[in-house]
$ cat final00.csv   # CSV, C-alpha atoms (C1' of nucleotides)
chain,number,residue,atom,x,y,z
A,1,MET,CA,-4.1,20.4,-4.7
A,2,ALA,CA,-4.7,18.9,-8.1
A,3,VAL,CA,-6.7,15.8,-8.6
A,4,PHE,CA,-3.8,13.4,-9.2
A,5,GLU,CA,-1.9,14.7,-6.3
A,6,GLU,CA,-4.9,14.0,-4.2
A,7,ILE,CA,-5.1,10.5,-5.4
A,8,ALA,CA,-1.4,9.9,-4.6
A,9,ALA,CA,-2.0,11.3,-1.1
A,10,LEU,CA,-5.0,9.0,-0.2
A,11,ASP,CA,-4.9,7.9,3.4
A,12,ARG,CA,-3.3,4.5,3.3
A,13,LEU,CA,-4.6,3.5,6.6
A,14,ILE,CA,-8.1,3.4,5.2
A,15,HIS,CA,-7.2,2.7,1.5
A,16,GLU,CA,-5.4,-0.5,2.1
A,17,PRO,CA,-7.6,-3.3,0.7
A,18,ALA,CA,-8.0,-5.4,3.9
A,19,ARG,CA,-8.8,-2.4,6.0
A,20,LEU,CA,-11.1,-0.9,3.4
A,21,ALA,CA,-13.0,-4.2,3.5
A,22,ILE,CA,-13.1,-4.3,7.3
A,23,LEU,CA,-14.3,-0.7,7.5
A,24,THR,CA,-16.9,-1.1,4.7
A,25,ALA,CA,-18.2,-4.3,6.3
A,26,LEU,CA,-18.5,-2.7,9.6
A,27,SER,CA,-20.3,0.3,8.1
A,28,ALA,CA,-22.9,-2.2,6.9
A,29,CYS,CA,-23.1,-4.3,10.0
A,30,HIS,CA,-23.1,-1.8,12.8
A,31,SER,CA,-21.4,-4.4,14.9
A,32,ALA,CA,-19.8,-7.7,14.1
A,33,ASP,CA,-17.9,-10.4,15.9
A,34,PHE,CA,-14.4,-11.5,14.9
A,35,LEU,CA,-15.3,-14.7,13.1
A,36,PHE,CA,-18.2,-13.2,11.3
A,37,LEU,CA,-15.9,-10.5,10.1
A,38,GLN,CA,-13.3,-13.1,9.1
A,39,ARG,CA,-15.8,-14.9,7.0
A,40,LEU,CA,-17.0,-11.7,5.4
A,41,THR,CA,-13.6,-10.5,4.4
A,42,GLY,CA,-11.8,-13.8,3.8
A,43,LEU,CA,-8.8,-12.6,5.8
A,44,THR,CA,-6.8,-15.0,8.0
A,45,LYS,CA,-7.2,-14.6,11.8
A,46,GLY,CA,-3.7,-13.2,12.1
A,47,ASN,CA,-4.3,-10.5,9.5
A,48,LEU,CA,-7.7,-9.6,10.7
A,49,SER,CA,-6.4,-9.3,14.3
A,50,SER,CA,-3.6,-7.0,13.4
A,51,HIS,CA,-5.6,-4.8,11.0
A,52,LEU,CA,-8.3,-4.5,13.7
A,53,SER,CA,-5.6,-3.4,16.2
A,54,LYS,CA,-4.3,-0.8,13.8
A,55,LEU,CA,-7.8,0.5,13.2
A,56,GLU,CA,-8.4,0.6,16.9
A,57,GLU,CA,-5.2,2.5,17.6
A,58,ALA,CA,-6.2,5.0,15.0
A,59,GLY,CA,-9.5,5.4,16.8
A,60,LEU,CA,-11.6,4.3,13.8
A,61,VAL,CA,-12.8,1.0,15.4
A,62,LYS,CA,-14.0,0.0,18.8
A,63,ILE,CA,-13.1,-3.5,20.0
A,64,GLU,CA,-15.0,-5.0,22.8
A,65,LYS,CA,-14.1,-8.3,24.4
A,66,GLN,CA,-16.6,-10.2,26.3
A,67,PHE,CA,-17.5,-13.8,27.3
A,68,VAL,CA,-20.4,-15.5,25.7
A,69,GLY,CA,-21.0,-18.2,28.2
A,70,LYS,CA,-17.5,-19.4,28.7
A,71,VAL,CA,-16.2,-18.5,25.2
A,72,PRO,CA,-14.3,-15.3,24.6
A,73,ASN,CA,-15.8,-13.2,22.0
A,74,THR,CA,-14.6,-10.1,20.2
A,75,GLN,CA,-17.0,-7.5,18.9
A,76,ALA,CA,-15.9,-4.8,16.6
A,77,SER,CA,-17.8,-1.7,15.6
A,78,LEU,CA,-17.0,1.7,14.0
A,79,THR,CA,-16.5,4.7,16.1
A,80,ALA,CA,-18.2,7.9,15.0
A,81,ARG,CA,-14.8,9.0,13.5
A,82,GLY,CA,-14.5,5.6,11.8
A,83,ARG,CA,-17.9,5.8,10.3
A,84,ALA,CA,-17.2,9.3,9.0
A,85,ALA,CA,-13.8,8.3,7.7
A,86,ILE,CA,-14.9,5.3,5.6
A,87,GLU,CA,-17.9,7.2,4.2
A,88,ARG,CA,-15.7,10.1,3.3
A,89,HIS,CA,-13.1,7.8,1.7
A,90,TRP,CA,-15.6,6.3,-0.7
A,91,GLN,CA,-17.0,9.6,-1.5
A,92,ARG,CA,-13.6,11.0,-2.2
A,93,LEU,CA,-12.8,8.1,-4.5
A,94,GLU,CA,-15.9,8.8,-6.4
A,95,THR,CA,-15.2,12.5,-6.7
A,96,LEU,CA,-11.6,11.9,-7.6
A,97,ARG,CA,-12.5,9.6,-10.3
A,98,SER,CA,-15.0,11.9,-11.9
A,99,ASP,CA,-12.6,14.9,-11.5
A,100,ALA,CA,-9.9,12.8,-13.2
A,101,GLN,CA,-12.2,11.9,-16.1
A,102,ARG,CA,-13.0,15.6,-16.6
A,103,TRP,CA,-9.4,16.7,-16.4
A,104,LYS,CA,-7.6,17.8,-19.6
A,105,PRO,CA,-3.9,18.4,-20.0
A,106,SER,CA,-3.1,22.1,-19.8
B,1,MET,CA,-16.8,-14.3,-3.9
B,2,ALA,CA,-18.7,-11.9,-1.6
B,3,VAL,CA,-18.3,-8.2,-1.9
B,4,PHE,CA,-16.1,-7.6,1.2
B,5,GLU,CA,-13.8,-10.4,0.2
B,6,GLU,CA,-13.4,-8.8,-3.2
B,7,ILE,CA,-12.5,-5.5,-1.6
B,8,ALA,CA,-9.9,-7.2,0.5
B,9,ALA,CA,-8.5,-8.8,-2.6
B,10,LEU,CA,-8.1,-5.7,-4.7
B,11,ASP,CA,-4.9,-5.7,-6.8
B,12,ARG,CA,-2.5,-3.7,-4.8
B,13,LEU,CA,-0.2,-3.0,-7.7
B,14,ILE,CA,-2.9,-0.8,-9.1
B,15,HIS,CA,-4.6,0.2,-5.9
B,16,GLU,CA,-1.6,1.8,-4.2
B,17,PRO,CA,-2.2,5.6,-4.1
B,18,ALA,CA,0.9,6.7,-6.0
B,19,ARG,CA,0.4,4.2,-8.8
B,20,LEU,CA,-3.3,4.8,-8.9
B,21,ALA,CA,-2.4,8.5,-9.4
B,22,ILE,CA,0.1,7.7,-12.1
B,23,LEU,CA,-2.2,5.3,-14.0
B,24,THR,CA,-5.1,7.7,-13.8
B,25,ALA,CA,-3.1,10.6,-14.9
B,26,LEU,CA,-1.7,8.6,-17.9
B,27,SER,CA,-5.2,7.6,-18.8
B,28,ALA,CA,-6.1,11.2,-19.1
B,29,CYS,CA,-2.9,12.3,-20.9
B,30,HIS,CA,-2.3,9.5,-23.4
B,31,SER,CA,1.4,10.2,-23.0
B,32,ALA,CA,3.3,12.3,-20.5
B,33,ASP,CA,7.0,13.0,-19.8
B,34,PHE,CA,8.6,12.3,-16.5
B,35,LEU,CA,8.6,15.8,-15.1
B,36,PHE,CA,5.1,16.6,-16.2
B,37,LEU,CA,4.0,13.4,-14.5
B,38,GLN,CA,5.9,14.4,-11.4
B,39,ARG,CA,4.2,17.8,-11.2
B,40,LEU,CA,0.8,16.2,-11.7
B,41,THR,CA,1.2,13.6,-9.0
B,42,GLY,CA,3.4,15.5,-6.6
B,43,LEU,CA,5.7,12.5,-6.2
B,44,THR,CA,9.4,12.8,-5.7
B,45,LYS,CA,11.6,11.8,-8.6
B,46,GLY,CA,12.8,8.7,-6.8
B,47,ASN,CA,9.3,7.5,-6.1
B,48,LEU,CA,8.0,8.3,-9.5
B,49,SER,CA,10.9,6.5,-11.0
B,50,SER,CA,10.5,3.3,-9.0
B,51,HIS,CA,6.7,3.2,-9.4
B,52,LEU,CA,7.1,3.6,-13.1
B,53,SER,CA,9.6,0.8,-13.2
B,54,LYS,CA,7.2,-1.4,-11.3
B,55,LEU,CA,4.3,-0.6,-13.7
B,56,GLU,CA,6.6,-1.2,-16.7
B,57,GLU,CA,7.6,-4.6,-15.4
B,58,ALA,CA,4.0,-5.4,-14.9
B,59,GLY,CA,3.3,-4.5,-18.5
B,60,LEU,CA,0.9,-1.7,-17.7
B,61,VAL,CA,3.0,1.2,-18.8
B,62,LYS,CA,5.4,1.7,-21.6
B,63,ILE,CA,8.5,3.8,-21.0
B,64,GLU,CA,10.3,5.5,-23.9
B,65,LYS,CA,13.6,7.3,-23.5
B,66,GLN,CA,14.7,9.7,-26.1
B,67,PHE,CA,16.8,12.8,-26.5
B,68,VAL,CA,15.1,16.1,-27.0
B,69,GLY,CA,18.0,18.1,-28.5
B,70,LYS,CA,20.7,17.1,-26.1
B,71,VAL,CA,18.6,16.5,-23.1
B,72,PRO,CA,17.4,13.0,-22.1
B,73,ASN,CA,13.7,12.7,-21.9
B,74,THR,CA,11.4,10.0,-20.6
B,75,GLN,CA,8.0,9.5,-21.9
B,76,ALA,CA,5.4,7.2,-20.2
B,77,SER,CA,2.2,5.9,-21.6
B,78,LEU,CA,-0.3,3.2,-20.9
B,79,THR,CA,-0.2,-0.1,-22.7
B,80,ALA,CA,-3.5,-1.5,-23.9
B,81,ARG,CA,-3.4,-3.8,-20.8
B,82,GLY,CA,-2.7,-0.8,-18.6
B,83,ARG,CA,-5.5,1.2,-20.0
B,84,ALA,CA,-7.9,-1.7,-19.5
B,85,ALA,CA,-6.6,-2.3,-16.0
B,86,ILE,CA,-7.0,1.2,-14.6
B,87,GLU,CA,-10.4,1.6,-16.2
B,88,ARG,CA,-11.5,-1.7,-14.7
B,89,HIS,CA,-10.1,-0.9,-11.3
B,90,TRP,CA,-12.2,2.3,-11.0
B,91,GLN,CA,-15.2,0.5,-12.3
B,92,ARG,CA,-14.7,-2.2,-9.8
B,93,LEU,CA,-14.4,0.3,-6.9
B,94,GLU,CA,-17.7,1.8,-8.0
B,95,THR,CA,-19.4,-1.5,-8.2
B,96,LEU,CA,-18.0,-2.7,-5.0
B,97,ARG,CA,-19.1,0.4,-3.2
B,98,SER,CA,-22.6,0.1,-4.4
B,99,ASP,CA,-22.8,-3.6,-3.7
B,100,ALA,CA,-21.5,-3.0,-0.2
B,101,GLN,CA,-24.2,-0.3,0.3
B,102,ARG,CA,-26.9,-2.7,-0.7
B,103,TRP,CA,-25.6,-5.5,1.4
B,104,LYS,CA,-27.4,-6.7,4.5
B,105,PRO,CA,-26.2,-9.0,7.2
B,106,SER,CA,-27.7,-12.5,6.7
C,1,DG,C1',38.0,26.6,-20.1
C,2,DA,C1',37.2,25.4,-15.3
C,3,DA,C1',33.9,25.9,-11.4
C,4,DG,C1',29.7,25.7,-10.1
C,5,DA,C1',24.8,25.1,-10.7
C,6,DC,C1',21.1,22.9,-12.9
C,7,DT,C1',18.4,19.0,-15.4
C,8,DA,C1',16.7,14.5,-15.5
C,9,DG,C1',16.5,10.9,-13.7
C,10,DT,C1',18.4,6.0,-10.9
C,11,DT,C1',20.2,3.6,-7.0
C,12,DT,C1',20.6,2.8,-2.3
C,13,DG,C1',19.4,2.5,2.6
C,14,DT,C1',16.0,2.2,5.9
C,15,DA,C1',11.8,2.0,8.3
C,16,DA,C1',7.2,0.4,8.0
C,17,DT,C1',4.0,-2.8,6.1
C,18,DG,C1',1.3,-7.0,5.4
C,19,DC,C1',1.3,-11.7,5.4
C,20,DA,C1',1.2,-16.5,7.1
C,21,DA,C1',2.8,-19.6,10.4
C,22,DA,C1',3.6,-20.5,15.0
C,23,DC,C1',1.9,-20.0,19.3
C,24,DC,C1',-1.4,-19.5,23.2
C,25,DT,C1',-5.3,-20.5,26.4
C,26,DA,C1',-9.4,-22.5,27.3
C,27,DA,C1',-13.3,-25.5,26.1
C,28,DT,C1',-15.1,-29.6,23.9
C,29,DT,C1',-15.0,-34.3,22.2
C,30,DA,C1',-13.4,-39.1,21.8
D,1,DT,C1',-7.0,-37.8,29.7
D,2,DA,C1',-5.5,-37.1,25.2
D,3,DA,C1',-6.6,-35.0,21.1
D,4,DT,C1',-9.2,-31.5,18.7
D,5,DT,C1',-11.5,-27.3,18.2
D,6,DA,C1',-12.4,-22.3,19.1
D,7,DG,C1',-10.9,-17.8,19.3
D,8,DG,C1',-7.7,-15.2,18.8
D,9,DT,C1',-2.4,-12.9,19.4
D,10,DT,C1',2.5,-12.8,18.5
D,11,DT,C1',6.5,-13.6,15.8
D,12,DG,C1',9.4,-13.8,11.7
D,13,DC,C1',10.1,-12.7,7.3
D,14,DA,C1',9.8,-10.9,2.7
D,15,DT,C1',8.1,-6.9,0.3
D,16,DT,C1',7.2,-2.0,0.2
D,17,DA,C1',7.5,2.8,-0.4
D,18,DC,C1',9.9,6.5,0.8
D,19,DA,C1',13.7,10.0,0.9
D,20,DA,C1',18.4,10.9,0.4
D,21,DA,C1',22.4,10.2,-2.0
D,22,DC,C1',24.2,9.5,-6.2
D,23,DT,C1',25.1,9.7,-11.5
D,24,DA,C1',25.6,11.6,-16.0
D,25,DG,C1',25.4,15.1,-18.7
D,26,DT,C1',24.3,20.3,-19.9
D,27,DC,C1',24.4,25.2,-19.2
D,28,DT,C1',26.2,29.4,-17.2
D,29,DT,C1',29.6,32.5,-15.7
D,30,DC,C1',33.8,34.3,-15.0
$ encode --input "final00.csv" --output "structure tokens"
Amino acid sequence: MAVFEEIAALDRLIHEPARLAILTALSACHSADFLFLQRLTGLTKGNLSSHLSKLEEAGLVKIEKQFVGKVPNTQASLTARGRAAIERHWQRLETLRSDAQRWKPS
Amino acid sequence: MAVFEEIAALDRLIHEPARLAILTALSACHSADFLFLQRLTGLTKGNLSSHLSKLEEAGLVKIEKQFVGKVPNTQASLTARGRAAIERHWQRLETLRSDAQRWKPS
DNA sequence: GAAGACTAGTTTGTAATGCAAACCTAATTA
DNA sequence: TAATTAGGTTTGCATTACAAACTAGTCTTC
């Protein structure tokens, strides 16, 4: 597949800005609770919640709910697949960009 | 704004895979006709058409329709703003990635 | 010269998306 | 005990992105 085709076919689950931010943040944090993640990404609770659910369904993120004292607390972390996927996505972007720069019309 | 917030706030008009592909292809081609662009990106005519319209409305792409002999022909090229925008977007991605890699939880 | 096929797109219909606002449950504060 | 805050989830809606259907005109073939 040619470079521009590959760009057009990027996985939107990961590429979408909010989820790209979540996954990238988690890859730097190892584990983060809901509110910390919300502050980091600037997302509203509603959006963060639904994006996390989507990432969890896709098997990229693990969600663990616990009580800290009496207060519910949600921890999110990357699964092995999630970690691989976000790393690969950034690498792909880098590669695609440089391939595109080298490309000449034929 | 912190790095993950910036990722989450990436301009979706440009970031969307199909349009990222179109803009990137145009930045390498200087000018391209509809069918050439379609082959490059692998998009269907319908999608290419509507994405081009959206990019034109946003002032990133210039569309010129002409007749080549008797056959209608559509040429697309980047406007100055479009060229700046796609270049800046890729640079931002690069910067954001490396900022994210350097980032440590505080 | 009419029927069909092809070219070069645009418009339409629909399902999925992302967002914010409303909602929920429990804990804390006044 | 009434209001406020914490920590989220669900709902409703407007926007999207896609493919399929359509349009307008050209070329081929008989």
$ residues_around --input "final00.csv" --residues "DA3 in chain C" --least-positions-apart "4" --cutoff "12 Å" --atoms "all atoms listed in the file" --output "JSON, numbers by chain"
{"D": [28, 29, 30]}
$ interface_residues --input "final00.csv" --of "chain D" --to "chain A" --cutoff "8 Å" --atoms "all atoms listed in the file" --output "list in words"
DG7, DG8 and DT9 of chain D
$ atom_distance --input "final00.csv" --atom1 "CA of Ile22 in chain A" --atom2 "CA of Ile86 in chain A"
9.9 Å
$ interface_residues --input "final00.csv" --of "chain B" --to "chain A" --cutoff "9 Å" --atoms "only C-alpha atoms" --output "JSON, numbers by chain"
{"B": [2, 3, 4, 5, 6, 7, 8, 9, 10, 11, 12, 15, 16, 17, 18, 19, 20, 21, 22, 24, 25, 27, 28, 29, 39, 40, 41, 42, 43, 90, 93, 94, 97, 100, 101, 102, 103, 104, 105]}
$ write_last_selection --input "final00.csv" --atoms "C-alpha atoms" --output "mmCIF file, keeping the file's coordinate frame"
data_model
loop_
_atom_site.group_PDB
_atom_site.id
_atom_site.type_symbol
_atom_site.label_atom_id
_atom_site.label_comp_id
_atom_site.auth_asym_id
_atom_site.auth_seq_id
_atom_site.Cartn_x
_atom_site.Cartn_y
_atom_site.Cartn_z
ATOM 1 C CA ALA B 2 -18.700 -11.900 -1.600
ATOM 2 C CA VAL B 3 -18.300 -8.200 -1.900
ATOM 3 C CA PHE B 4 -16.100 -7.600 1.200
ATOM 4 C CA GLU B 5 -13.800 -10.400 0.200
ATOM 5 C CA GLU B 6 -13.400 -8.800 -3.200
ATOM 6 C CA ILE B 7 -12.500 -5.500 -1.600
ATOM 7 C CA ALA B 8 -9.900 -7.200 0.500
ATOM 8 C CA ALA B 9 -8.500 -8.800 -2.600
ATOM 9 C CA LEU B 10 -8.100 -5.700 -4.700
ATOM 10 C CA ASP B 11 -4.900 -5.700 -6.800
ATOM 11 C CA ARG B 12 -2.500 -3.700 -4.800
ATOM 12 C CA HIS B 15 -4.600 0.200 -5.900
ATOM 13 C CA GLU B 16 -1.600 1.800 -4.200
ATOM 14 C CA PRO B 17 -2.200 5.600 -4.100
ATOM 15 C CA ALA B 18 0.900 6.700 -6.000
ATOM 16 C CA ARG B 19 0.400 4.200 -8.800
ATOM 17 C CA LEU B 20 -3.300 4.800 -8.900
ATOM 18 C CA ALA B 21 -2.400 8.500 -9.400
ATOM 19 C CA ILE B 22 0.100 7.700 -12.100
ATOM 20 C CA THR B 24 -5.100 7.700 -13.800
ATOM 21 C CA ALA B 25 -3.100 10.600 -14.900
ATOM 22 C CA SER B 27 -5.200 7.600 -18.800
ATOM 23 C CA ALA B 28 -6.100 11.200 -19.100
ATOM 24 C CA CYS B 29 -2.900 12.300 -20.900
ATOM 25 C CA ARG B 39 4.200 17.800 -11.200
ATOM 26 C CA LEU B 40 0.800 16.200 -11.700
ATOM 27 C CA THR B 41 1.200 13.600 -9.000
ATOM 28 C CA GLY B 42 3.400 15.500 -6.600
ATOM 29 C CA LEU B 43 5.700 12.500 -6.200
ATOM 30 C CA TRP B 90 -12.200 2.300 -11.000
ATOM 31 C CA LEU B 93 -14.400 0.300 -6.900
ATOM 32 C CA GLU B 94 -17.700 1.800 -8.000
ATOM 33 C CA ARG B 97 -19.100 0.400 -3.200
ATOM 34 C CA ALA B 100 -21.500 -3.000 -0.200
ATOM 35 C CA GLN B 101 -24.200 -0.300 0.300
ATOM 36 C CA ARG B 102 -26.900 -2.700 -0.700
ATOM 37 C CA TRP B 103 -25.600 -5.500 1.400
ATOM 38 C CA LYS B 104 -27.400 -6.700 4.500
ATOM 39 C CA PRO B 105 -26.200 -9.000 7.200
#
$ atom_distance --input "final00.csv" --atom1 "CA of Leu52 in chain A" --atom2 "CA of Ala80 in chain A"
15.9 Å
$ residues_around --input "final00.csv" --residues "DG25 in chain D" --least-positions-apart "6" --cutoff "12 Å" --atoms "all atoms listed in the file" --output "PDB file with C-alpha atoms (C1' of nucleotides), in the frame of the given file"
ATOM      1  CA  PHE B  67      16.800  12.800 -26.500  1.00  0.00           C
ATOM      2  CA  LYS B  70      20.700  17.100 -26.100  1.00  0.00           C
ATOM      3  CA  VAL B  71      18.600  16.500 -23.100  1.00  0.00           C
ATOM      4  CA  PRO B  72      17.400  13.000 -22.100  1.00  0.00           C
TER       5      PRO B  72
ATOM      6  C1'  DC C   6      21.100  22.900 -12.900  1.00  0.00           C
ATOM      7  C1'  DT C   7      18.400  19.000 -15.400  1.00  0.00           C
ATOM      8  C1'  DA C   8      16.700  14.500 -15.500  1.00  0.00           C
ATOM      9  C1'  DG C   9      16.500  10.900 -13.700  1.00  0.00           C
TER      10       DG C   9
END
$ residues_around --input "final00.csv" --residues "Ile63 in chain A" --least-positions-apart "6" --cutoff "9 Å" --atoms "all atoms listed in the file" --output "list in words"
Leu52, Ser53, Glu56, Thr74, Gln75, Ala76, Ser77 and Leu78 of chain A
$ closest_atom_pairs --input "final00.csv" --of "chain C" --to "chain A" --cutoff "9 Å" --atoms "all atoms listed in the file" --output "tab-separated table"
residue	atom	partner	partner_atom	distance
C:DG18	C1'	A:Asn47	CA	7.8
C:DC19	C1'	A:Asn47	CA	7.0
C:DA20	C1'	A:Gly46	CA	7.7
C:DA26	C1'	A:Val71	CA	8.2
C:DA27	C1'	A:Val71	CA	7.6
$ atom_distance --input "final00.csv" --atom1 "C1' of DG12 in chain D" --atom2 "C1' of DA15 in chain C"
16.3 Å
$ residues_around --input "final00.csv" --residues "DT11 in chain D" --least-positions-apart "6" --cutoff "10 Å" --atoms "all atoms listed in the file" --output "compact mmCIF listing (two decimals) with C-alpha atoms (C1' of nucleotides), in the coordinates of the input"
# COMPACT_ATOMS: atom_id res chain seq x y z
C1' DA C 21 2.80 -19.60 10.40
C1' DA C 22 3.60 -20.50 15.00
C1' DC C 23 1.90 -20.00 19.30
